[in-house]
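Student: As input, take model_34.txt (compact mmCIF, C-alpha atoms):
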# COMPACT_ATOMS: atom_id res chain seq x y z
CA MET A 8 122.29 -51.59 -112.74
CA LYS A 9 119.47 -51.44 -115.25
CA THR A 10 117.18 -53.47 -113.05
CA SER A 11 117.47 -51.15 -110.01
CA ARG A 12 116.75 -48.11 -112.12
CA MET A 13 113.44 -49.56 -113.37
CA LYS A 14 112.08 -50.39 -109.77
CA SER A 15 112.32 -46.85 -108.35
CA PRO A 16 109.41 -45.31 -110.28
CA LEU A 17 107.08 -48.16 -109.27
CA ALA A 18 107.91 -47.68 -105.59
CA THR A 19 107.26 -43.97 -105.88
CA ASN A 20 103.85 -44.52 -107.46
CA ALA A 21 102.79 -46.95 -104.71
CA GLN A 22 103.73 -44.47 -102.00
CA ILE A 23 101.77 -41.71 -103.66
CA ALA A 24 98.68 -43.94 -103.92
CA PHE A 25 98.98 -44.89 -100.25
CA LEU A 26 99.28 -41.28 -99.15
CA ALA A 27 96.27 -40.30 -101.27
CA THR A 28 94.16 -43.02 -99.66
CA VAL A 29 95.16 -41.90 -96.19
CA CYS A 30 94.28 -38.28 -97.00
CA ILE A 31 90.86 -39.25 -98.35
CA ALA A 32 90.10 -41.29 -95.21
CA ILE A 33 91.15 -38.40 -92.97
CA ALA A 34 88.95 -35.97 -94.94
CA ALA A 35 85.94 -38.33 -94.76
CA TRP A 36 86.38 -38.73 -90.99
CA TRP A 37 86.60 -34.95 -90.51
CA VAL A 38 83.38 -34.40 -92.51
CA GLN A 39 81.49 -37.02 -90.44
CA TRP A 40 82.72 -35.44 -87.20
CA ALA A 41 81.63 -31.97 -88.30
CA VAL A 42 78.14 -33.19 -89.25
CA ALA A 43 77.70 -34.99 -85.92
CA ALA A 44 78.85 -31.97 -83.98
CA GLU A 45 76.34 -29.57 -85.60
CA PRO A 46 73.12 -30.93 -83.88
CA ALA A 47 74.89 -30.96 -80.54
CA ASN A 48 75.87 -27.36 -81.00
CA ALA A 49 72.39 -26.50 -82.18
CA ASN A 50 70.85 -28.19 -79.11
CA SER A 51 73.24 -26.27 -76.91
CA ALA A 52 72.15 -23.05 -78.56
CA ILE A 53 68.45 -23.89 -78.08
CA SER A 54 68.90 -24.96 -74.46
CA LYS A 55 70.53 -21.75 -73.46
CA PRO A 56 67.35 -19.59 -73.74
CA SER A 57 65.27 -22.19 -71.81
CA ALA A 58 67.43 -21.64 -68.79
CA ASN A 59 65.99 -18.18 -68.59
CA ALA A 60 62.29 -19.25 -69.23
CA ALA A 61 59.72 -18.41 -66.51
CA LEU A 62 56.19 -19.72 -65.82
CA ILE A 63 53.47 -17.24 -66.74
CA VAL A 64 50.99 -16.79 -63.87
CA LYS A 65 47.81 -14.84 -63.26
CA LEU A 66 47.43 -12.94 -60.01
CA THR A 67 44.43 -12.20 -57.84
CA SER A 68 43.77 -10.59 -54.46
CA PRO A 69 41.48 -11.62 -51.58
CA THR A 70 37.92 -10.30 -51.80
CA SER A 71 35.73 -9.27 -48.86
CA GLU A 72 32.25 -10.78 -49.10
CA VAL A 73 29.23 -11.28 -46.83
CA TRP A 74 28.80 -14.98 -46.19
CA PRO A 75 26.35 -16.80 -43.93
CA GLN A 76 27.81 -18.82 -41.10
CA SER A 77 26.78 -22.44 -41.22
CA VAL A 78 26.68 -25.63 -39.17
CA GLN A 79 27.67 -28.88 -40.87
CA ALA A 80 25.57 -31.98 -40.19
CA THR A 81 24.69 -35.41 -41.52
CA GLY A 82 21.46 -37.36 -41.38
CA ALA A 83 18.92 -39.52 -43.19
CA ILE A 84 16.06 -38.59 -45.50
CA ALA A 85 12.73 -39.74 -44.05
CA GLY A 86 9.04 -39.18 -44.58
CA TRP A 87 7.40 -36.16 -42.94
CA GLN A 88 4.74 -38.46 -41.45
CA GLU A 89 4.10 -42.12 -42.19
CA ALA A 90 0.62 -43.62 -42.28
CA VAL A 91 -0.10 -47.32 -41.73
CA ILE A 92 -3.10 -48.74 -43.57
CA GLY A 93 -4.42 -52.03 -42.18
CA ALA A 94 -7.49 -54.22 -42.11
CA GLU A 95 -10.24 -53.29 -39.67
CA THR A 96 -12.03 -56.59 -40.15
CA GLY A 97 -10.59 -60.08 -40.21
CA ASN A 98 -10.95 -63.61 -41.57
CA LEU A 99 -11.53 -62.31 -45.09
CA ARG A 100 -9.56 -63.00 -48.26
CA ILE A 101 -7.87 -60.31 -50.36
CA THR A 102 -9.48 -60.43 -53.78
CA GLU A 103 -7.92 -57.38 -55.46
CA ILE A 104 -4.85 -55.13 -55.00
CA LEU A 105 -5.01 -51.84 -56.88
CA VAL A 106 -1.77 -50.05 -55.85
CA ASP A 107 1.89 -50.91 -55.38
CA VAL A 108 5.04 -49.40 -53.90
CA GLY A 109 5.61 -45.97 -55.42
CA SER A 110 1.97 -45.38 -56.31
CA VAL A 111 0.65 -41.88 -55.65
CA VAL A 112 -2.78 -42.10 -54.00
CA LYS A 113 -5.48 -39.65 -52.96
CA LYS A 114 -7.41 -39.65 -49.71
CA GLY A 115 -10.32 -42.13 -49.91
CA GLN A 116 -8.88 -43.95 -52.95
CA LEU A 117 -9.52 -47.72 -53.09
CA MET A 118 -6.25 -49.58 -52.53
CA ALA A 119 -7.42 -53.18 -52.01
CA GLN A 120 -10.65 -55.17 -51.91
CA LEU A 121 -11.56 -57.98 -49.52
CA ALA A 122 -14.06 -60.78 -50.17
CA ASP A 123 -17.48 -59.43 -49.15
CA ALA A 124 -19.93 -62.24 -49.99
CA THR A 125 -20.34 -63.42 -46.39
CA VAL A 126 -20.55 -59.85 -45.12
CA LYS A 127 -23.30 -59.05 -47.62
CA ALA A 128 -25.21 -62.19 -46.59
CA ASP A 129 -24.97 -61.16 -42.94
CA LEU A 130 -26.22 -57.70 -43.85
CA ASP A 131 -29.23 -59.21 -45.66
CA LYS A 132 -29.95 -61.26 -42.56
CA GLN A 133 -29.84 -58.15 -40.39
CA ASN A 134 -32.14 -56.31 -42.79
CA ALA A 135 -34.69 -59.13 -42.43
CA ALA A 136 -34.37 -59.02 -38.65
CA VAL A 137 -35.06 -55.29 -38.71
CA ASP A 138 -38.15 -55.80 -40.83
CA GLN A 139 -39.41 -58.47 -38.41
CA ALA A 140 -38.71 -56.25 -35.38
CA GLN A 141 -40.57 -53.39 -37.04
CA ALA A 142 -43.59 -55.68 -37.60
CA ASN A 143 -43.54 -56.84 -33.99
CA LEU A 144 -43.40 -53.26 -32.80
CA PHE A 145 -46.30 -52.30 -35.06
CA GLN A 146 -48.39 -55.14 -33.66
CA ALA A 147 -47.48 -54.28 -30.06
CA GLN A 148 -48.42 -50.65 -30.63
CA LYS A 149 -51.82 -51.63 -32.08
CA ASN A 150 -52.56 -53.99 -29.17
CA LEU A 151 -51.61 -51.31 -26.66
CA ALA A 152 -53.87 -48.78 -28.37
CA ARG A 153 -56.86 -51.17 -28.21
CA VAL A 154 -56.22 -51.96 -24.56
CA ARG A 155 -56.07 -48.27 -23.66
CA SER A 156 -59.39 -47.59 -25.40
CA ALA A 157 -61.05 -50.39 -23.41
CA ALA A 158 -59.47 -49.50 -20.09
CA ASP A 159 -62.31 -47.18 -19.09
CA SER A 160 -64.92 -49.92 -19.50
CA GLY A 161 -63.29 -52.05 -16.78
CA ALA A 162 -63.12 -55.12 -19.02
CA LEU A 163 -59.32 -55.50 -18.48
CA SER A 164 -57.42 -55.46 -15.24
CA ASN A 165 -54.56 -53.14 -14.63
CA GLN A 166 -52.17 -56.10 -14.73
CA LYS A 167 -53.26 -57.01 -18.24
CA ILE A 168 -52.89 -53.44 -19.41
CA ASP A 169 -49.32 -53.39 -17.99
CA GLU A 170 -48.48 -56.57 -19.92
CA TYR A 171 -49.43 -54.92 -23.22
CA LEU A 172 -47.43 -51.86 -22.28
CA VAL A 173 -44.33 -53.97 -21.50
CA ALA A 174 -44.76 -55.85 -24.80
CA GLU A 175 -44.73 -52.58 -26.76
CA VAL A 176 -41.58 -51.38 -24.95
CA THR A 177 -39.90 -54.76 -25.54
CA ALA A 178 -40.72 -54.67 -29.25
CA ARG A 179 -39.27 -51.17 -29.51
CA ALA A 180 -36.06 -52.29 -27.78
CA SER A 181 -35.79 -55.32 -30.08
CA LEU A 182 -36.05 -53.06 -33.12
CA ALA A 183 -33.28 -50.82 -31.77
CA SER A 184 -31.05 -53.87 -31.14
CA VAL A 185 -31.42 -55.38 -34.61
CA SER A 186 -31.01 -51.95 -36.17
CA ALA A 187 -27.67 -51.63 -34.41
CA ASP A 188 -26.70 -55.10 -35.65
CA ARG A 189 -27.59 -54.07 -39.19
CA LYS A 190 -25.49 -50.91 -38.83
CA SER A 191 -22.55 -53.02 -37.61
CA ALA A 192 -22.91 -55.36 -40.60
CA ASN A 193 -23.02 -52.38 -42.92
CA ILE A 194 -19.82 -50.98 -41.37
CA ARG A 195 -18.13 -54.34 -41.78
CA LEU A 196 -19.12 -54.33 -45.45
CA GLN A 197 -17.52 -50.92 -45.87
CA GLN A 198 -14.38 -52.21 -44.18
CA THR A 199 -13.90 -54.74 -46.96
CA ARG A 200 -12.78 -51.75 -49.06
CA ILE A 201 -9.25 -50.74 -48.00
CA LEU A 202 -9.03 -46.97 -48.57
CA ALA A 203 -6.17 -44.43 -48.41
CA VAL A 204 -6.36 -42.38 -45.22
CA ASP A 205 -4.58 -39.39 -46.81
CA ASP A 206 -2.85 -38.20 -49.96
CA GLY A 207 0.62 -39.66 -50.26
CA VAL A 208 3.08 -42.08 -51.81
CA VAL A 209 2.99 -45.81 -51.03
CA THR A 210 6.30 -46.90 -49.51
CA SER A 211 5.45 -50.44 -48.40
CA ARG A 212 3.03 -53.20 -49.44
CA THR A 213 2.58 -56.37 -47.40
CA ALA A 214 -0.82 -57.27 -48.88
CA ILE A 215 -0.74 -60.52 -50.86
CA LEU A 216 -3.48 -61.47 -53.28
CA GLY A 217 -5.54 -64.39 -51.93
CA ASN A 218 -4.20 -64.11 -48.40
CA VAL A 219 -6.76 -64.41 -45.56
CA ILE A 220 -5.96 -61.56 -43.22
CA SER A 221 -6.66 -61.00 -39.56
CA SER A 222 -8.12 -57.87 -38.02
CA GLY A 223 -5.47 -55.16 -37.58
CA ALA A 224 -3.02 -56.68 -40.09
CA GLU A 225 -0.83 -54.09 -41.84
CA LEU A 226 -1.35 -53.97 -45.60
CA PHE A 227 0.29 -50.71 -46.78
CA ARG A 228 2.42 -47.80 -45.60
CA LEU A 229 2.50 -44.37 -47.20
CA VAL A 230 4.27 -41.04 -46.71
CA ARG A 231 1.57 -38.49 -46.01
CA GLN A 232 1.21 -35.90 -48.79
CA GLY A 233 4.50 -37.10 -50.27
CA LYS A 234 6.47 -34.78 -47.98
CA MET A 235 10.05 -35.69 -47.10
CA GLU A 236 12.45 -34.17 -44.60
CA TRP A 237 16.11 -34.31 -43.66
CA ARG A 238 16.71 -35.44 -40.09
CA ALA A 239 20.06 -33.84 -39.34
CA GLU A 240 22.00 -34.97 -36.27
CA LEU A 241 23.69 -32.25 -34.23
CA GLY A 242 25.58 -32.12 -30.96
CA ALA A 243 24.51 -30.15 -27.91
CA GLU A 244 27.01 -27.33 -28.59
CA GLN A 245 25.58 -26.77 -32.09
CA LEU A 246 21.92 -27.17 -31.19
CA GLY A 247 21.69 -23.80 -29.45
CA PHE A 248 22.30 -21.93 -32.74
CA ILE A 249 19.48 -23.63 -34.69
CA ARG A 250 16.05 -22.01 -35.04
CA PRO A 251 12.96 -22.93 -37.08
CA GLY A 252 12.88 -21.10 -40.39
CA GLN A 253 16.63 -21.21 -41.05
CA ASN A 254 17.74 -22.31 -44.52
CA ALA A 255 19.69 -25.50 -45.17
CA GLU A 256 21.60 -26.84 -48.16
CA LEU A 257 21.97 -30.59 -48.76
CA SER A 258 24.54 -32.40 -50.90
CA LEU A 259 22.85 -35.40 -52.50
CA PRO A 260 24.63 -38.46 -53.91
CA GLY A 261 25.83 -37.69 -57.42
CA GLY A 262 26.73 -34.09 -56.62
CA ALA A 263 23.23 -32.58 -56.80
CA LYS A 264 22.23 -29.84 -54.35
CA THR A 265 18.84 -29.08 -52.80
CA LEU A 266 17.55 -26.52 -50.33
CA GLY A 267 15.36 -26.96 -47.26
CA VAL A 268 13.96 -25.07 -44.27
CA VAL A 269 14.29 -26.03 -40.61
CA ARG A 270 10.82 -27.13 -39.44
CA LEU A 271 11.47 -28.33 -35.92
CA VAL A 272 14.33 -28.67 -33.44
CA SER A 273 14.15 -31.69 -31.16
CA PRO A 274 13.79 -30.65 -27.49
CA THR A 275 15.75 -33.68 -26.25
CA LEU A 276 19.05 -35.41 -26.98
CA SER A 277 19.48 -39.13 -27.47
CA THR A 278 20.78 -40.87 -24.35
CA ALA A 279 22.65 -43.34 -26.58
CA THR A 280 24.46 -40.90 -28.91
CA GLY A 281 24.22 -37.55 -27.10
CA ARG A 282 22.93 -35.95 -30.28
CA ALA A 283 19.62 -34.34 -31.24
CA LEU A 284 17.59 -34.28 -34.44
CA VAL A 285 16.80 -31.20 -36.48
CA PHE A 286 13.89 -31.71 -38.89
CA VAL A 287 14.41 -29.91 -42.22
CA SER A 288 11.47 -29.79 -44.66
CA LEU A 289 12.36 -30.45 -48.31
CA PRO A 290 10.54 -29.24 -51.44
CA PRO A 291 8.52 -31.79 -53.48
CA ALA A 292 11.00 -31.86 -56.39
CA SER A 293 14.15 -32.00 -54.27
CA GLY A 294 15.53 -35.16 -55.89
CA ALA A 295 16.04 -36.78 -52.49
CA GLN A 296 14.86 -40.33 -51.86
CA LEU A 297 13.75 -42.00 -48.68
CA GLY A 298 16.57 -43.69 -46.79
CA MET A 299 19.38 -41.56 -48.26
CA PHE A 300 22.11 -40.62 -45.77
CA VAL A 301 23.35 -37.17 -46.80
CA SER A 302 25.46 -34.31 -45.51
CA GLY A 303 24.54 -30.66 -45.52
CA SER A 304 24.80 -27.33 -43.79
CA ILE A 305 22.34 -25.14 -41.90
CA GLU A 306 22.82 -21.40 -42.41
CA LEU A 307 23.08 -19.15 -39.36
CA ALA A 308 23.80 -15.39 -39.14
CA GLN A 309 25.82 -13.66 -41.89
CA SER A 310 29.33 -12.24 -41.44
CA GLN A 311 32.20 -10.77 -43.46
CA ALA A 312 34.60 -13.21 -45.09
CA LEU A 313 37.94 -12.69 -46.87
CA THR A 314 37.84 -15.13 -49.78
CA LEU A 315 40.04 -16.53 -52.54
CA PRO A 316 39.34 -18.77 -55.53
CA GLN A 317 39.64 -22.42 -54.56
CA SER A 318 42.21 -22.84 -57.36
CA ALA A 319 44.63 -20.49 -55.56
CA VAL A 320 44.93 -22.75 -52.52
CA VAL A 321 47.33 -25.70 -52.71
CA LEU A 322 46.81 -28.57 -50.27
CA ARG A 323 50.22 -30.01 -49.47
CA ASP A 324 51.29 -32.19 -46.52
CA GLY A 325 48.14 -31.27 -44.60
CA ARG A 326 48.74 -27.51 -45.08
CA ASN A 327 46.82 -24.95 -47.10
CA ASP A 328 49.43 -22.98 -49.05
CA VAL A 329 49.28 -20.05 -51.44
CA TYR A 330 52.04 -18.45 -53.53
CA LEU A 331 52.54 -14.69 -53.29
CA MET A 332 54.34 -12.43 -55.75
CA THR A 333 57.41 -10.88 -54.16
CA ALA A 334 58.07 -7.14 -54.15
CA ALA A 335 60.58 -7.56 -57.00
CA GLY A 336 57.78 -8.91 -59.18
CA ASP A 337 59.74 -11.81 -60.73
CA THR A 338 59.63 -14.60 -58.09
CA VAL A 339 57.06 -16.15 -55.75
CA THR A 340 57.15 -17.11 -52.11
CA ARG A 341 55.07 -19.76 -50.36
CA ARG A 342 52.80 -18.90 -47.41
CA THR A 343 50.63 -21.19 -45.28
CA ILE A 344 47.13 -19.91 -44.54
CA GLN A 345 44.19 -21.06 -42.43
CA THR A 346 40.95 -21.64 -44.32
CA GLY A 347 37.34 -21.66 -43.11
CA ARG A 348 34.04 -21.82 -44.94
CA HIS A 349 33.59 -22.96 -48.54
CA ARG A 350 30.95 -21.52 -50.84
CA GLY A 351 30.82 -22.47 -54.50
CA GLU A 352 34.29 -22.10 -56.05
CA ARG A 353 35.62 -19.82 -53.30
CA VAL A 354 37.13 -20.46 -49.89
CA GLU A 355 37.36 -18.26 -46.80
CA VAL A 356 40.80 -17.16 -45.59
CA VAL A 357 40.77 -17.02 -41.79
CA SER A 358 44.40 -15.93 -41.32
CA GLY A 359 47.66 -15.53 -43.21
CA LEU A 360 46.65 -12.92 -45.83
CA ASP A 361 45.40 -9.37 -46.14
CA ARG A 362 43.43 -7.68 -48.90
CA GLN A 363 46.58 -6.21 -50.51
CA SER A 364 48.25 -9.59 -51.03
CA ARG A 365 49.00 -10.57 -54.64
CA VAL A 366 48.28 -14.28 -54.92
CA VAL A 367 48.88 -16.68 -57.79
CA ALA A 368 45.34 -17.52 -58.94
CA SER A 369 45.99 -21.07 -60.21
CA GLY A 370 48.75 -23.53 -60.99
CA GLY A 371 50.33 -23.32 -57.56
CA ALA A 372 51.01 -27.06 -57.58
CA PHE A 373 53.74 -26.46 -60.22
CA LEU A 374 55.48 -23.73 -58.22
CA SER A 375 58.03 -23.80 -55.42
CA GLU A 376 59.71 -21.29 -53.13
CA GLY A 377 61.70 -18.67 -55.05
CA VAL A 378 60.86 -19.89 -58.54
CA ARG A 379 60.93 -17.25 -61.30
CA VAL A 380 57.60 -16.30 -62.88
CA ARG A 381 56.19 -13.76 -65.29
CA ILE A 382 52.85 -12.01 -64.68
CA GLU A 383 50.16 -12.46 -67.28
CA ALA A 384 49.24 -9.20 -68.97
CA GLY A 385 46.22 -7.52 -67.37
CA SER A 386 46.46 -9.34 -64.02
CA GLY A 387 47.98 -8.50 -60.71
CA GLN A 388 45.67 -5.67 -59.70
CA PRO A 389 43.74 -6.03 -56.44
CA THR A 390 40.26 -7.44 -56.80
CA THR A 391 37.44 -4.94 -56.36
CA THR A 392 35.55 -5.54 -53.14
CA THR A 393 31.87 -6.20 -53.78
CA PRO A 394 29.96 -7.47 -50.74
CA LYS A 395 27.37 -10.10 -51.55
CA SER A 396 24.12 -10.26 -49.71
Go through the file and emit its structure as structure tokens.
Tutor:
Amino acid sequence: MKTSRMKSPLATNAQIAFLATVCIAIAAWWVQWAVAAEPANANSAISKPSANAALIVKLTSPTSEVWPQSVQATGAIAGWQEAVIGAETGNLRITEILVDVGSVVKKGQLMAQLADATVKADLDKQNAAVDQAQANLFQAQKNLARVRSAADSGALSNQKIDEYLVAEVTARASLASVSADRKSANIRLQQTRILAVDDGVVTSRTAILGNVISSGAELFRLVRQGKMEWRAELGAEQLGFIRPGQNAELSLPGGAKTLGVVRLVSPTLSTATGRALVFVSLPPASGAQLGMFVSGSIELAQSQALTLPQSAVVLRDGRNDVYLMTAAGDTVTRRTIQTGRHRGERVEVVSGLDRQSRVVASGGAFLSEGVRVRIEAGSGQPTTTTPKS
């Protein structure tokens, strides 16, 4: 009986300790659960306002402007006129070359020198022949004068007098012949100096130092006066609108722009391509280079154009779309428009809008039909119409 009474308190203490441990574990679990649940609740609270967020947009309206009509074309940059510089005399060696491709030359400038030793020797020979012919003529003239003074005395027959007269005429003709030969030799000496036929820029050089050239061989090519032009190719239906004096704008490689003026319209079309050339003169500092193939436009008559910023037009699936503010003022609707000419950062609206339309000015790629938006403060009023000349 004593033993059983002593075991009861020990059992009670063990049960209390077990229950205390269980309670502590339950409390620790509850604390961890509460801490983990707080961020989730916080995130839920933050996400609720985002459901009501709307994209802020800026609105614009189409503007009426005066734009020139234009014809688009492509073509190559070429020289206004090309000059070929060759050798007028042959069988001579090139002893000096003074210019190269890209050199700017003036009319009459020395470009190359040919060997002239043999030509000078021939000229000296012709000079001596002229001196001899002049002496023969002088002697024939003196003899004829003496014969004429003695003709009245009857000492000489008429036949003899005629012989002296023929000798004087022959000597005069011989002098004229050798004088012409000397002139020819002098010209040939001048031809050993290869000169520029006009101001311009050298575009080709086939002359080689030490080469013995033949008469007529090409040595250089140059663009006369450094003038370049755009040779635009147009079809027959476009050609009738082009007139000399119209302005043109070219888009050069690299994004640069340059202006030109129509100089000439070809009167015929190519039988191979069915297209004609329009020659557009370019300014000296245009930035264009020979051989470039560029695109451009030729301006025609001016006309009214309803325009929008290029940023307002969204190209999607081959369509040109814009987003309009609805009458409620809190959502947008998509509308497909037809565009025309482009000028700077603006594009012509051919159909689909009127001047009272309120159009999203930019960011249309992030919008969709019926999406909620908020208007940026200070926007949304129609754009003031200011025609541009």
Student: Could you check the closest approach to Gln197 in chain A for each of A:Glu95, A:Arg270, A:Asp129, A:Ala136 and tell me which residue wins, using all atoms listed in the file?
Tutor: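 Once distances to Gln197 in chain A are computed over all atoms listed in the file, the minimum belongs to A:Glu95.
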Student: Counting only C-alpha atoms, which residue out of A:Ala279, A:Val176, A:Ala128, A:Val208 sits closest to Val91 in chain A?
Tutor: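 Using only C-alpha atoms, the shortest distance to Val91 in chain A belongs to A:Val208.
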Student: Kindly give the distance, in Å, that separates CA of Gln309 in chain A and CA of Arg348 in chain A, rounded to a single decimal.
Tutor: 12.0 Å
Student: Report the distance between CA of Leu374 in chain A and CA of Gln345 in chain A in Å, rounded to one decimal place.
Tutor: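 Calculated distance between CA of Leu374 in chain A and CA of Gln345 in chain A is 19.6 Å.
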Student: May I have the residues at most 9 Å from (63.9, -19.4, -54.6) in the file's coordinates, counting all atoms listed in the file, as a VMD selection string?
Tutor: chain A and resid 338 to 340 375 to 379
Student: Given the choices A:Thr177, A:Gln232, A:Ser369, A:Ser221, which gets closest to Val209 in chain A if the distance is worked out from only C-alpha atoms?
Tutor: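 Of all the options, A:Gln232 lies closest to Val209 in chain A.
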Student: Smallest atom-to-atom distance to Arg350 in chain A: which of A:Glu89, A:Asp324, A:Glu72, A:Glu170, using all atoms listed in the file?
Tutor: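 Between A:Glu89, A:Asp324, A:Glu72, A:Glu170, the residue approaching Arg350 in chain A most closely is A:Glu72.
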Student: Go ahead and find all residues with at least one atom no further than 12 Å from (23.7, -19.0, -41.0) in the file's coordinates, using all atoms listed in the file; report them as a VMD selection string.
Tutor: chain A and resid 73 to 79 245 248 to 250 252 to 256 268 to 269 304 to 310 348
Student: In Å, with one decimal, what is the gap from CA of Ser181 in chain A to CA of Ala152 in chain A?
Tutor: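 Taking CA of Ser181 in chain A as the start and CA of Ala152 in chain A as the end point, the length is 19.3 Å.
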Student: Set the distance at 10 Å and use only C-alpha atoms: which residues neighbour Ala384 in chain A once local chain neighbours fewer than 4 positions away are removed? I'd like the list as a list in words.
Tutor: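 Here the qualifying residues turn out to be Ile63, Val64, Lys65 and Leu66 of chain A.
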Student: With distances taken over all atoms listed in the file, which residue among A:Ser258, A:Thr210, A:Ser68, A:Asn193 lies nearest Gly109 in chain A?
Tutor: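 Of all the options, A:Thr210 lies closest to Gly109 in chain A.
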Student: Using only C-alpha atoms, which of A:Gly262, A:Gly207, A:Val367, A:Gly242 sits nearest Gly86 in chain A?
Tutor: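 Going through A:Gly262, A:Gly207, A:Val367, A:Gly242 one by one, the smallest distance to Gly86 in chain A is for A:Gly207.
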Student: Which neighbours of range 139-144 of chain A fall inside 7 Å, counting only C-alpha atoms, when residues of the same chain fewer than 2 positions from it are skipped, and could you give them as JSON, numbers by chain?
Tutor: {"A": [135, 136, 137, 146, 147, 148, 175, 178, 179, 181, 182]}
Student: Pick out the residues sitting within 7 Å of Arg362 in chain A, and hand them over as a count of residues only; count all atoms listed in the file, and ignore anything fewer than 2 positions along from it in its own chain.
Tutor: 5
Student: How close does each residue of range 212-304 of chain A get to range 111-121 of chain A, giving the shortest atom pair and distance in Å to one decimal for every residue with an atom at most 9 Å away, counting only C-alpha atoms, sorted by chain and residue number, as JSON lines?
Tutor:
{"residue": "A:Ala214", "atom": "CA", "partner": "A:Ala119", "partner_atom": "CA", "distance": 8.4}
{"residue": "A:Val219", "atom": "CA", "partner": "A:Leu121", "partner_atom": "CA", "distance": 8.9}
{"residue": "A:Leu226", "atom": "CA", "partner": "A:Ala119", "partner_atom": "CA", "distance": 8.9}
{"residue": "A:Phe227", "atom": "CA", "partner": "A:Met118", "partner_atom": "CA", "distance": 8.8}
{"residue": "A:Leu229", "atom": "CA", "partner": "A:Val112", "partner_atom": "CA", "distance": 8.9}
{"residue": "A:Gln232", "atom": "CA", "partner": "A:Lys113", "partner_atom": "CA", "distance": 8.7}
{"residue": "A:Gly233", "atom": "CA", "partner": "A:Val111", "partner_atom": "CA", "distance": 8.2}
Student: Write out as a PyMOL selection string the residues lying within 7 Å of range 281-298 of chain A, counting all atoms listed in the file and excluding same-chain residues fewer than 4 positions away.
Tutor: chain A and resi 83-86+234-243+259+265-273+275-277
Student: I'd like the contact shell of Val356 in chain A - 6 Å cut-off, only C-alpha atoms, skipping same-chain residues fewer than 2 positions apart - returned as a list in words.
Tutor: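 The residues satisfying every condition are Leu313, Thr314, Thr346 and Ser358 of chain A.
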